[in-house]
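Structure below is structure-v5.tsv: TSV, C-alpha atoms and all ligand atoms.
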chain	number	residue	atom	x	y	z
A	190	MET	CA	-28.16	29.49	-7.20
A	191	ALA	CA	-28.56	26.38	-5.06
A	192	GLU	CA	-26.92	26.51	-1.68
A	193	ALA	CA	-25.10	24.06	0.52
A	194	LEU	CA	-25.42	24.11	4.31
A	195	ALA	CA	-22.32	23.56	6.42
A	196	ALA	CA	-21.29	23.51	10.08
A	197	VAL	CA	-18.36	25.89	10.23
A	198	LEU	CA	-15.92	25.73	13.14
A	199	GLU	CA	-15.39	29.46	13.62
A	200	ALA	CA	-13.36	29.16	16.80
A	201	PRO	CA	-12.60	26.33	19.25
A	202	LYS	CA	-15.88	24.74	20.44
A	203	ASN	CA	-17.90	27.15	18.32
A	204	PHE	CA	-19.90	25.85	15.35
A	205	GLN	CA	-21.97	28.20	13.21
A	206	PHE	CA	-24.24	27.02	10.42
A	207	ARG	CA	-23.58	28.84	7.17
A	208	ALA	CA	-24.87	28.58	3.61
A	209	PHE	CA	-22.48	28.57	0.65
A	210	PRO	CA	-23.24	28.60	-3.07
A	211	ILE	CA	-22.78	25.18	-4.66
A	212	PRO	CA	-20.04	25.75	-7.24
A	213	ASP	CA	-20.39	24.98	-10.93
A	214	VAL	CA	-18.21	22.14	-12.10
A	215	GLY	CA	-15.66	22.40	-14.89
A	216	GLU	CA	-14.00	19.69	-16.97
A	217	ASP	CA	-12.03	18.00	-14.26
A	218	ASP	CA	-13.79	18.49	-10.90
A	219	ALA	CA	-17.07	17.55	-9.24
A	220	VAL	CA	-19.52	18.20	-6.43
A	221	LEU	CA	-20.39	15.51	-3.89
A	222	ARG	CA	-23.73	15.32	-2.11
A	223	VAL	CA	-22.70	14.13	1.35
A	224	GLU	CA	-24.38	10.97	2.58
A	225	ALA	CA	-22.39	10.76	5.81
A	226	CYS	CA	-19.15	11.71	7.44
A	227	GLY	CA	-17.33	9.58	9.98
A	228	LEU	CA	-15.68	11.12	13.03
A	229	CYS	CA	-12.48	10.11	14.79
A	230	GLY	CA	-10.35	11.42	17.65
A	231	THR	CA	-8.86	14.01	15.31
A	232	ASP	CA	-12.31	15.63	14.99
A	233	TYR	CA	-12.46	16.07	18.74
A	234	ASP	CA	-8.93	17.57	18.88
A	235	GLN	CA	-9.89	19.90	16.06
A	236	TRP	CA	-13.04	21.04	17.88
A	237	LEU	CA	-11.00	21.72	21.02
A	238	GLY	CA	-8.74	23.95	18.89
A	239	HIS	CA	-5.66	21.76	19.21
A	240	LEU	CA	-5.15	21.61	15.43
A	241	LYS	CA	-5.56	25.28	14.70
A	242	ASP	CA	-2.07	25.71	13.35
A	243	TRP	CA	-2.56	22.85	10.90
A	244	GLY	CA	-3.33	23.87	7.35
A	245	GLY	CA	-5.82	26.66	6.91
A	246	GLY	CA	-6.90	27.05	10.50
A	247	MET	CA	-10.35	28.50	11.20
A	248	PRO	CA	-13.01	29.14	10.05
A	249	ILE	CA	-13.10	25.63	8.64
A	250	ILE	CA	-15.67	22.98	7.74
A	251	PRO	CA	-14.37	19.85	9.51
A	252	GLY	CA	-15.05	16.31	8.34
A	253	HIS	CA	-12.27	14.29	6.68
A	254	GLU	CA	-13.96	10.85	6.47
A	255	VAL	CA	-16.41	11.76	3.74
A	256	MET	CA	-18.70	9.61	1.61
A	257	GLY	CA	-21.65	10.45	-0.59
A	258	LEU	CA	-23.12	10.54	-4.07
A	259	ILE	CA	-21.61	12.30	-7.07
A	260	ASP	CA	-23.99	15.21	-7.62
A	261	ARG	CA	-22.35	16.78	-10.66
A	262	ILE	CA	-19.09	15.90	-12.42
A	263	GLY	CA	-17.05	17.20	-15.34
A	264	PRO	CA	-16.37	14.82	-18.28
A	265	LYS	CA	-12.63	14.59	-17.68
A	266	ALA	CA	-13.04	13.83	-13.96
A	267	SER	CA	-15.68	11.23	-14.79
A	268	LYS	CA	-13.26	9.47	-17.12
A	269	LEU	CA	-10.23	9.65	-14.82
A	270	TRP	CA	-12.06	8.64	-11.65
A	271	ASN	CA	-14.26	6.12	-13.45
A	272	VAL	CA	-17.44	7.41	-11.77
A	273	LYS	CA	-20.58	9.16	-13.00
A	274	GLU	CA	-23.38	11.25	-11.50
A	275	GLY	CA	-25.31	9.28	-8.88
A	276	ASP	CA	-22.41	6.96	-8.03
A	277	ARG	CA	-21.68	6.38	-4.37
A	278	VAL	CA	-18.08	7.19	-3.47
A	279	ALA	CA	-15.67	7.70	-0.58
A	280	ILE	CA	-12.90	10.28	-0.84
A	281	GLU	CA	-9.50	10.14	0.80
A	282	PRO	CA	-8.71	12.99	3.22
A	283	ILE	CA	-5.56	14.15	1.41
A	284	ILE	CA	-5.39	15.81	-2.02
A	285	PRO	CA	-1.86	14.95	-3.20
A	286	CYS	CA	0.11	17.26	-5.49
A	287	GLY	CA	1.02	14.45	-7.90
A	288	HIS	CA	4.49	15.83	-8.63
A	289	CYS	CA	6.69	15.72	-5.54
A	290	GLU	CA	9.14	12.90	-4.80
A	291	ASP	CA	6.69	11.19	-2.42
A	292	CYS	CA	3.87	11.36	-4.96
A	293	VAL	CA	5.85	10.05	-7.92
A	294	SER	CA	7.31	7.23	-5.84
A	295	GLY	CA	3.83	6.07	-4.87
A	296	ALA	CA	3.85	7.32	-1.28
A	297	TYR	CA	1.35	10.11	-1.92
A	298	THR	CA	-0.03	10.02	1.62
A	299	ARG	CA	3.25	11.65	2.68
A	300	CYS	CA	2.77	14.52	0.22
A	301	GLN	CA	3.14	17.93	1.83
A	302	SER	CA	0.63	19.61	-0.47
A	303	ASP	CA	-1.38	20.75	2.59
A	304	LEU	CA	-4.52	20.29	0.54
A	305	GLY	CA	-7.32	18.00	1.58
A	306	TYR	CA	-10.67	17.64	3.24
A	307	GLY	CA	-11.79	18.66	6.71
A	308	LEU	CA	-8.36	19.49	8.13
A	309	TYR	CA	-6.69	21.75	5.62
A	310	GLN	CA	-8.22	24.70	3.72
A	311	SER	CA	-10.34	27.20	5.60
A	312	THR	CA	-13.64	28.41	4.16
A	313	ASP	CA	-11.74	31.47	2.90
A	314	VAL	CA	-10.32	29.28	0.13
A	315	ALA	CA	-12.80	29.13	-2.76
A	316	PRO	CA	-15.21	27.40	-3.14
A	317	SER	CA	-15.26	26.97	0.68
A	318	LEU	CA	-16.86	23.49	0.69
A	319	TRP	CA	-13.81	21.52	1.83
A	320	GLY	CA	-15.26	19.42	4.66
A	321	GLY	CA	-17.78	16.67	5.34
A	322	TYR	CA	-19.82	18.50	8.00
A	323	ALA	CA	-21.98	19.80	5.18
A	324	THR	CA	-24.62	18.86	2.65
A	325	HIS	CA	-22.11	19.19	-0.22
A	326	VAL	CA	-18.36	18.96	-0.72
A	327	TYR	CA	-16.39	20.32	-3.66
A	328	LEU	CA	-14.17	17.66	-5.27
A	329	HIS	CA	-10.83	19.06	-6.43
A	330	PRO	CA	-9.40	17.56	-9.66
A	331	ARG	CA	-6.71	15.65	-7.74
A	332	THR	CA	-9.14	14.08	-5.24
A	333	MET	CA	-8.62	10.36	-4.58
A	334	VAL	CA	-12.08	8.91	-5.30
A	335	HIS	CA	-13.16	5.33	-4.50
A	336	LYS	CA	-16.37	3.86	-5.87
A	337	LEU	CA	-18.52	2.20	-3.19
A	338	PRO	CA	-21.13	-0.56	-3.35
A	339	SER	CA	-24.65	0.88	-3.20
A	340	THR	CA	-26.20	-1.69	-0.88
A	341	ILE	CA	-24.25	-1.27	2.36
A	342	PRO	CA	-25.94	0.65	5.23
A	343	THR	CA	-24.66	4.20	5.65
A	344	ASP	CA	-23.10	3.93	9.11
A	345	LEU	CA	-21.26	0.74	8.18
A	346	MET	CA	-19.96	2.29	4.96
A	347	THR	CA	-18.41	5.18	6.91
A	348	LEU	CA	-16.02	2.67	8.48
A	349	VAL	CA	-14.04	2.77	5.23
A	350	ASN	CA	-11.56	5.39	6.39
A	351	PRO	CA	-10.71	4.00	9.85
A	352	LEU	CA	-10.71	0.44	8.53
A	353	SER	CA	-8.30	1.38	5.75
A	354	ASN	CA	-5.97	2.69	8.46
A	355	ALA	CA	-6.27	-0.53	10.43
A	356	ILE	CA	-5.47	-2.54	7.30
A	357	ARG	CA	-2.42	-0.39	6.65
A	358	TRP	CA	-1.11	-0.79	10.21
A	359	ILE	CA	-1.85	-4.48	10.71
A	360	TYR	CA	-1.41	-5.94	7.25
A	361	GLU	CA	0.55	-3.61	4.95
A	362	VAL	CA	3.06	-2.24	7.46
A	363	GLY	CA	2.72	-4.69	10.35
A	364	GLY	CA	2.96	-7.72	8.10
A	365	VAL	CA	0.54	-9.69	10.28
A	366	GLY	CA	-0.50	-12.89	8.54
A	367	LEU	CA	-1.42	-16.52	8.99
A	368	GLY	CA	-0.32	-17.74	12.41
A	369	SER	CA	0.96	-14.36	13.67
A	370	THR	CA	0.79	-13.25	17.27
A	371	VAL	CA	-0.22	-9.61	17.54
A	372	VAL	CA	-0.80	-7.30	20.49
A	373	ILE	CA	-3.08	-4.30	19.92
A	374	GLU	CA	-2.73	-1.57	22.54
A	375	GLY	CA	-5.85	0.60	22.76
A	376	PRO	CA	-9.37	-0.70	22.04
A	377	GLY	CA	-10.77	2.47	20.41
A	378	GLN	CA	-12.54	2.45	17.07
A	379	ARG	CA	-9.27	1.91	15.19
A	380	GLY	CA	-7.90	-0.66	17.62
A	381	LEU	CA	-11.10	-2.66	17.31
A	382	LEU	CA	-10.94	-2.49	13.52
A	383	ALA	CA	-7.34	-3.68	13.82
A	384	VAL	CA	-8.65	-6.72	15.70
A	385	ALA	CA	-11.10	-7.48	12.87
A	386	THR	CA	-8.30	-7.05	10.33
A	387	ALA	CA	-5.88	-9.31	12.26
A	388	LYS	CA	-8.57	-11.97	12.40
A	389	ARG	CA	-9.27	-11.67	8.67
A	390	VAL	CA	-5.60	-12.09	7.72
A	391	GLY	CA	-5.30	-15.18	9.88
A	392	ALA	CA	-3.49	-14.12	13.06
A	393	ALA	CA	-3.40	-17.00	15.53
A	394	ASN	CA	-3.22	-14.89	18.69
A	395	ILE	CA	-4.82	-11.45	18.95
A	396	ILE	CA	-4.23	-9.85	22.35
A	397	VAL	CA	-5.85	-6.49	23.15
A	398	THR	CA	-4.96	-4.18	26.03
A	399	GLY	CA	-7.12	-1.45	27.57
A	400	THR	CA	-7.92	0.29	30.82
A	401	ARG	CA	-10.73	-0.23	33.30
A	402	ALA	CA	-12.72	2.46	31.44
A	403	ASP	CA	-12.43	0.32	28.31
A	404	ALA	CA	-14.25	-2.70	29.75
A	405	ALA	CA	-17.09	-2.57	27.20
A	406	ARG	CA	-14.61	-2.12	24.36
A	407	LEU	CA	-12.52	-5.08	25.47
A	408	GLU	CA	-15.72	-7.10	25.35
A	409	LEU	CA	-16.28	-5.88	21.78
A	410	ALA	CA	-12.69	-6.88	20.98
A	411	SER	CA	-13.45	-10.43	22.10
A	412	ARG	CA	-16.56	-10.55	19.95
A	413	LEU	CA	-14.51	-9.35	16.95
A	414	GLY	CA	-11.94	-12.10	17.34
A	415	ALA	CA	-9.48	-11.16	20.08
A	416	THR	CA	-8.16	-14.33	21.68
A	417	ALA	CA	-7.33	-12.54	24.95
A	418	THR	CA	-7.86	-9.12	26.51
A	419	ILE	CA	-5.81	-7.45	29.24
A	420	ASN	CA	-7.09	-4.78	31.62
A	421	VAL	CA	-3.85	-2.91	32.35
A	422	ASP	CA	-5.30	-1.40	35.54
A	423	GLU	CA	-5.52	-4.87	37.02
A	424	GLN	CA	-2.92	-6.95	35.22
A	425	ASP	CA	0.69	-6.29	34.23
A	426	PRO	CA	0.40	-6.22	30.44
A	427	VAL	CA	3.96	-7.45	29.76
A	428	ALA	CA	3.72	-10.34	32.21
A	429	SER	CA	0.34	-11.23	30.74
A	430	VAL	CA	1.72	-11.33	27.20
A	431	VAL	CA	4.65	-13.48	28.37
A	432	GLU	CA	2.18	-15.89	29.96
A	433	LEU	CA	-0.32	-15.91	27.08
A	434	THR	CA	2.39	-16.59	24.49
A	435	LYS	CA	4.24	-19.09	26.71
A	436	GLY	CA	7.27	-16.81	26.59
A	437	LYS	CA	7.39	-16.54	22.80
A	438	LEU	CA	6.20	-12.90	22.79
A	439	ALA	CA	4.49	-11.10	19.90
A	440	ASP	CA	5.50	-10.85	16.25
A	441	VAL	CA	3.88	-7.44	16.02
A	442	VAL	CA	2.68	-4.89	18.57
A	443	LEU	CA	0.43	-2.07	17.37
A	444	ASP	CA	0.09	1.00	19.60
A	445	VAL	CA	-3.11	2.91	18.83
A	446	SER	CA	-3.55	4.36	22.30
A	447	SER	CA	-3.75	8.15	22.36
A	448	GLY	CA	-1.71	10.23	24.79
A	449	ALA	CA	-0.29	7.41	26.93
A	450	MET	CA	3.45	6.66	26.75
A	451	ALA	CA	3.61	3.49	28.86
A	452	PRO	CA	2.24	1.33	26.00
A	453	ILE	CA	5.28	2.14	23.85
A	454	LEU	CA	7.74	1.04	26.53
A	455	GLN	CA	5.64	-2.06	27.19
A	456	ALA	CA	5.55	-2.82	23.46
A	457	ILE	CA	9.37	-3.10	23.43
A	458	ASP	CA	9.13	-5.80	26.10
A	459	MET	CA	6.17	-7.56	24.48
A	460	VAL	CA	7.66	-8.00	21.03
A	461	LYS	CA	9.97	-10.88	20.15
A	462	ARG	CA	13.51	-10.58	18.77
A	463	GLY	CA	13.30	-9.22	15.23
A	464	GLY	CA	9.67	-8.21	15.82
A	465	ARG	CA	7.97	-5.03	14.80
A	466	VAL	CA	6.34	-2.27	16.82
A	467	VAL	CA	3.91	-0.16	14.78
A	468	LEU	CA	3.31	3.29	16.25
A	469	ALA	CA	0.01	4.82	15.17
A	470	GLY	CA	-1.29	6.63	18.26
A	471	LEU	CA	-0.58	10.34	18.56
A	472	LYS	CA	0.72	11.54	21.92
A	473	SER	CA	-0.28	15.22	22.03
A	474	ASN	CA	3.29	16.33	21.23
A	475	ASN	CA	4.63	14.58	24.36
A	476	LYS	CA	8.18	13.21	24.30
A	477	LEU	CA	9.18	9.78	25.53
A	478	ASN	CA	11.88	9.35	28.15
A	479	GLY	CA	13.27	6.00	29.19
A	480	LEU	CA	13.22	4.26	25.80
A	481	PRO	CA	15.60	1.28	26.22
A	482	ILE	CA	17.63	1.81	23.05
A	483	ASP	CA	20.07	-1.05	23.80
A	484	ASN	CA	17.15	-3.40	24.09
A	485	VAL	CA	15.88	-2.22	20.69
A	486	VAL	CA	19.32	-2.62	19.09
A	487	LEU	CA	20.37	-5.91	20.68
A	488	ARG	CA	17.01	-7.53	19.97
A	489	GLU	CA	16.75	-5.98	16.48
A	490	ILE	CA	13.30	-4.53	17.03
A	491	GLU	CA	11.75	-2.46	14.27
A	492	LEU	CA	9.95	0.71	15.34
A	493	VAL	CA	7.73	2.04	12.54
A	494	GLY	CA	5.58	5.17	12.58
A	495	VAL	CA	2.57	5.16	10.27
A	496	LEU	CA	0.17	7.96	9.57
A	497	SER	CA	-2.55	7.15	7.12
A	498	ALA	CA	-3.84	4.67	4.62
A	499	GLY	CA	-3.56	4.83	0.86
A	500	TRP	CA	-5.27	3.58	-2.27
A	501	GLN	CA	-4.82	-0.18	-1.80
A	502	SER	CA	-5.77	-0.26	1.85
A	503	THR	CA	-8.89	1.79	1.09
A	504	GLU	CA	-9.91	-0.65	-1.65
A	505	MET	CA	-9.29	-3.58	0.72
A	506	ALA	CA	-11.42	-1.85	3.36
A	507	ILE	CA	-14.30	-1.47	0.91
A	508	ASP	CA	-14.05	-5.14	-0.01
A	509	MET	CA	-13.93	-6.21	3.64
A	510	ILE	CA	-17.01	-4.14	4.50
A	511	GLU	CA	-18.85	-5.60	1.51
A	512	LYS	CA	-17.95	-9.20	2.37
A	513	GLU	CA	-18.12	-9.25	6.15
A	514	GLY	CA	-19.56	-5.91	7.19
A	515	ASN	CA	-22.23	-7.54	9.33
A	516	SER	CA	-19.65	-8.47	11.92
A	517	LEU	CA	-18.56	-4.80	12.13
A	518	GLN	CA	-22.06	-3.39	12.64
A	519	MET	CA	-21.62	-3.65	16.42
A	520	LEU	CA	-19.04	-0.83	16.23
A	521	CYS	CA	-21.51	1.67	14.74
A	522	SER	CA	-22.70	3.07	18.05
A	523	HIS	CA	-23.84	6.62	17.29
A	524	SER	CA	-25.32	8.56	14.37
A	525	PHE	CA	-26.17	12.26	14.54
A	526	SER	CA	-27.80	14.69	12.14
A	527	LEU	CA	-25.77	17.69	11.00
A	528	GLU	CA	-27.69	20.15	13.19
A	529	ASN	CA	-26.59	18.17	16.25
A	530	VAL	CA	-22.93	18.39	15.31
A	531	THR	CA	-21.82	19.70	18.71
A	532	ASP	CA	-23.50	16.75	20.44
A	533	ALA	CA	-21.74	14.43	18.01
A	534	VAL	CA	-18.29	15.82	18.76
A	535	ARG	CA	-18.86	15.98	22.52
A	536	THR	CA	-20.13	12.41	22.55
A	537	LEU	CA	-17.05	11.34	20.64
A	538	GLY	CA	-14.87	13.07	23.26
A	539	ARG	CA	-16.70	11.21	26.06
A	540	GLU	CA	-18.12	14.54	27.32
A	541	ASN	CA	-21.71	13.25	27.25
A	542	PRO	CA	-21.75	10.59	29.98
A	543	ASP	CA	-25.44	9.84	29.37
A	544	SER	CA	-25.08	9.06	25.69
A	545	GLY	CA	-23.18	5.81	26.14
A	546	ASP	CA	-19.80	4.67	24.89
A	547	ALA	CA	-19.12	6.20	21.47
A	548	VAL	CA	-17.07	3.75	19.43
A	549	HIS	CA	-17.91	4.90	15.92
A	550	VAL	CA	-19.77	8.18	15.40
A	551	THR	CA	-21.26	9.37	12.12
A	552	LEU	CA	-22.83	12.62	11.02
A	553	THR	CA	-25.51	12.75	8.32
A	554	PRO	CA	-26.82	15.90	6.64
A	555	SER	CA	-30.52	14.96	6.60
B	1	ZN	ZN	-10.20	10.41	11.04
B	2	ZN	ZN	3.07	15.41	-3.65
Starting from the file, give its structure as structure tokens.
Amino acid sequence: MAEALAAVLEAPKNFQFRAFPIPDVGEDDAVLRVEACGLCGTDYDQWLGHLKDWGGGMPIIPGHEVMGLIDRIGPKASKLWNVKEGDRVAIEPIIPCGHCEDCVSGAYTRCQSDLGYGLYQSTDVAPSLWGGYATHVYLHPRTMVHKLPSTIPTDLMTLVNPLSNAIRWIYEVGGVGLGSTVVIEGPGQRGLLAVATAKRVGAANIIVTGTRADAARLELASRLGATATINVDEQDPVASVVELTKGKLADVVLDVSSGAMAPILQAIDMVKRGGRVVLAGLKSNNKLNGLPIDNVVLREIELVGVLSAGWQSTEMAIDMIEKEGNSLQMLCSHSFSLENVTDAVRTLGRENPDSGDAVHVTLTPS
């Protein structure tokens, strides 16, 4: 029987390479040959062991931003997903149940099925191949499968998942559109993709905040279409937004900074009356003190938490990469082969000072 090779996270910071049999497919499932897997901050948290109570725990094959080629597929899956063997696809991280209230009302990304790729089932759950740090991934019958164009370079194509999130935050939930003023707090991979999205939907003013350590990323933000950048170590971000908008403030503020609380409080002061603050950065379970509730009420500010993207935003991300992917190529900073998985994760977590600033990191099996 043919075997798949996978990097299994056995314990925090401990990858072991293991072989697993490639499962046979039935009527309604499939096997994916992985072309590449994108990494994000969640991968680094997972490697550190901070997610070990989530889903199946360890041992687990990480990798939730998976794309590749359909290796084998059952006839029913082929019909329902509208793909055939050899097609290039991206899969969504979550496998929704299809029956709960969230699923039937169209909000399947809120489904509590606890099934999905890279973050959920351990390798103890048959057929073990549930993550993208591998040569093959098993595709469950309820997998959300998106067909991809065949001509786009691999590293660029792996931007589908983070870009779909940016589209959800900026466009679908944020409501940023022609003439909007938007502040994006945090110039990481997702913040930078939010800049590109804001530009594409026609925002008039795109202001990006970051720290001194983010200098290179703020430069990237400018190249992607930011109209102004603020180094919060040197400038007061609220005063800067007041000045840049001539006192009008922002229609939408998106917080994608991780860990820091100050950006949320600043967002309340940066957004205009009736404006919207989109919260998309996780804060390591920290609580926020000092939230000026009266200010939120009196100025009718909307605070919205958003987790992940869904079907439409993923399709829009694919289209955006196909049409203007060239402008996003500058974000694809690092690509690693599967055997160097530990280097990939450490580089992502800024633990490898010599390897340069990791904006978007991909892992490829070959
Ligand atoms: Zn991710
Ligand atoms: Zn459900």
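Residues lying within 6 Å of stretch 367-377 of chain A, counting all atoms listed in the file and ignoring same-chain neighbours fewer than 3 positions away, are A:Gly380, A:Leu381, A:Gly391, A:Ala392, A:Ala393, A:Asn394, A:Ile395, A:Ile396, A:Val397, A:Thr398, A:Gly399, A:Arg406, A:Ala439, A:Asp440, A:Val441, A:Val442, A:Leu443, A:Asp444, A:Val445, A:Ser446.
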Do a neighbour search on A:Ala193 at 7 Å with only C-alpha atoms, toss out local chain neighbours closer than 4 positions, and write the hits as a PyMOL selection string. chain A and resi 208-211+324-325
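Near ligand ZN 2 (chain B), at distances of 6 Å or less and with all atoms listed in the file counted, sit the residues Pro285, Cys286, Gly287, His288, Cys289, Asp291, Cys292, Tyr297, Cys300 and Ser302 of chain A.
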Using only C-alpha atoms and all ligand atoms, find each protein or nucleic acid residue lying at most 7 Å from ligand ZN 1 (chain B); present the set as a PyMOL selection string. chain A and resi 228-232+253-254+350-351
Build an axis-aligned box that encloses every atom of stretch 257-261 of chain A listed in the file, pad it by 6 Å on each side, and report its centre and edge lengths in Å to one decimal, as AutoDock Vina command-line options.
--center_x -22.8 --center_y 13.6 --center_z -5.6 --size_x 14.4 --size_y 18.3 --size_z 22.1
Have a look at A:Met256, A:Ala200, A:Leu468, A:Val495 and name the one nearest to A:Ser339; count all atoms listed in the file. A:Met256
Quick one: distance from atom CA of A:Thr343 to atom CA of A:Ala315 in Å, one decimal? 28.9 Å
Do you know which residues are at most 8 Å from A:Glu489 counting only C-alpha atoms, after dropping those on the same chain fewer than 3 positions away, and could you put them as a CSV table (one decimal) with C-alpha atoms, keeping the file's coordinate frame?
chain,number,residue,atom,x,y,z
A,462,ARG,CA,13.5,-10.6,18.8
A,463,GLY,CA,13.3,-9.2,15.2
A,464,GLY,CA,9.7,-8.2,15.8
A,485,VAL,CA,15.9,-2.2,20.7
A,486,VAL,CA,19.3,-2.6,19.1
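For the pair atom CA of A:Val427 and atom CA of A:Leu520, the separation is 27.5 Å.
The interatomic distance for the pair atom CA of A:Ser555 and atom CA of A:Ala195 works out to 11.9 Å.
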Skipping near chain neighbours, those fewer than 5 positions away, what residues fall within 7 Å of A:Val278 using all atoms listed in the file, listed as a count of residues only? 7
Residues around (-19.9, 11.0, 9.6), cut-off 10 Å, counting only C-alpha atoms - what are they as a ChimeraX atom specification? /A:223-229,252-256,321-322,343-344,346-348,523-527,530,533,549-554
Name the residues in contact with A:Val431 at a cut-off of 12 Å, using only C-alpha atoms, excluding same-chain residues fewer than 3 positions from it; report them as a short mmCIF file (atom, residue, chain, number, x, y, z; two decimals) with C-alpha atoms, in the coordinates of the input.
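And here's part-v5.cif as it stands now:
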data_model
loop_
_atom_site.label_atom_id
_atom_site.label_comp_id
_atom_site.auth_asym_id
_atom_site.auth_seq_id
_atom_site.Cartn_x
_atom_site.Cartn_y
_atom_site.Cartn_z
CA THR A 370 0.79 -13.25 17.27
CA VAL A 372 -0.80 -7.30 20.49
CA ILE A 396 -4.23 -9.85 22.35
CA ASP A 425 0.69 -6.29 34.23
CA PRO A 426 0.40 -6.22 30.44
CA VAL A 427 3.96 -7.45 29.76
CA ALA A 428 3.72 -10.34 32.21
CA THR A 434 2.39 -16.59 24.49
CA LYS A 435 4.24 -19.09 26.71
CA GLY A 436 7.27 -16.81 26.59
CA LYS A 437 7.39 -16.54 22.80
CA LEU A 438 6.20 -12.90 22.79
CA ALA A 439 4.49 -11.10 19.90
CA GLN A 455 5.64 -2.06 27.19
CA ALA A 456 5.55 -2.82 23.46
CA ASP A 458 9.13 -5.80 26.10
CA MET A 459 6.17 -7.56 24.48
CA VAL A 460 7.66 -8.00 21.03
CA LYS A 461 9.97 -10.88 20.15
#
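Each of A:Arg357, A:Thr332, A:Met505, A:Leu409 was checked against A:Ala469 using only C-alpha atoms; the smallest atom-to-atom distance is that of A:Arg357.
With distances restricted to only C-alpha atoms, A:Ala385 is the closest residue to A:Gly414 from A:Ala451, A:Ser429, A:Gly238, A:Ala385.
Taking all atoms listed in the file into account, A:Ser311 lies nearest to A:Glu199 out of the set A:Glu504, A:Asp546, A:Glu199, A:Glu274.
Within 12 Å of the point (-25.9, 11.3, 24.8) in file coordinates, and counting only C-alpha atoms, lie the residues A:Ser522, A:His523, A:Ser524, A:Phe525, A:Asn529, A:Thr531, A:Asp532, A:Ala533, A:Val534, A:Arg535, A:Thr536, A:Leu537, A:Gly538, A:Arg539, A:Glu540, A:Asn541, A:Pro542, A:Asp543, A:Ser544, A:Gly545, A:Asp546, A:Ala547, A:Val550.
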Expected file: the selected residues, C-alpha atoms, as a PDB file, in the coordinates of the input:
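So the final result, stored in again.pdb, reads:
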ATOM      1  CA  SER A 522     -22.700   3.070  18.050  1.00  0.00           C
ATOM      2  CA  HIS A 523     -23.840   6.620  17.290  1.00  0.00           C
ATOM      3  CA  SER A 524     -25.320   8.560  14.370  1.00  0.00           C
ATOM      4  CA  PHE A 525     -26.170  12.260  14.540  1.00  0.00           C
ATOM      5  CA  ASN A 529     -26.590  18.170  16.250  1.00  0.00           C
ATOM      6  CA  THR A 531     -21.820  19.700  18.710  1.00  0.00           C
ATOM      7  CA  ASP A 532     -23.500  16.750  20.440  1.00  0.00           C
ATOM      8  CA  ALA A 533     -21.740  14.430  18.010  1.00  0.00           C
ATOM      9  CA  VAL A 534     -18.290  15.820  18.760  1.00  0.00           C
ATOM     10  CA  ARG A 535     -18.860  15.980  22.520  1.00  0.00           C
ATOM     11  CA  THR A 536     -20.130  12.410  22.550  1.00  0.00           C
ATOM     12  CA  LEU A 537     -17.050  11.340  20.640  1.00  0.00           C
ATOM     13  CA  GLY A 538     -14.870  13.070  23.260  1.00  0.00           C
ATOM     14  CA  ARG A 539     -16.700  11.210  26.060  1.00  0.00           C
ATOM     15  CA  GLU A 540     -18.120  14.540  27.320  1.00  0.00           C
ATOM     16  CA  ASN A 541     -21.710  13.250  27.250  1.00  0.00           C
ATOM     17  CA  PRO A 542     -21.750  10.590  29.980  1.00  0.00           C
ATOM     18  CA  ASP A 543     -25.440   9.840  29.370  1.00  0.00           C
ATOM     19  CA  SER A 544     -25.080   9.060  25.690  1.00  0.00           C
ATOM     20  CA  GLY A 545     -23.180   5.810  26.140  1.00  0.00           C
ATOM     21  CA  ASP A 546     -19.800   4.670  24.890  1.00  0.00           C
ATOM     22  CA  ALA A 547     -19.120   6.200  21.470  1.00  0.00           C
ATOM     23  CA  VAL A 550     -19.770   8.180  15.400  1.00  0.00           C
TER      24      VAL A 550
END
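The shortest atom-to-atom distance to A:Arg222, with only C-alpha atoms taken into account, belongs to A:Val326 out of A:Val326, A:Ala355, A:Leu237, A:Ala191.
With distances restricted to all atoms listed in the file, A:Pro282 is the closest residue to A:Asn354 from A:Gly263, A:Pro338, A:Pro282, A:Gly366.
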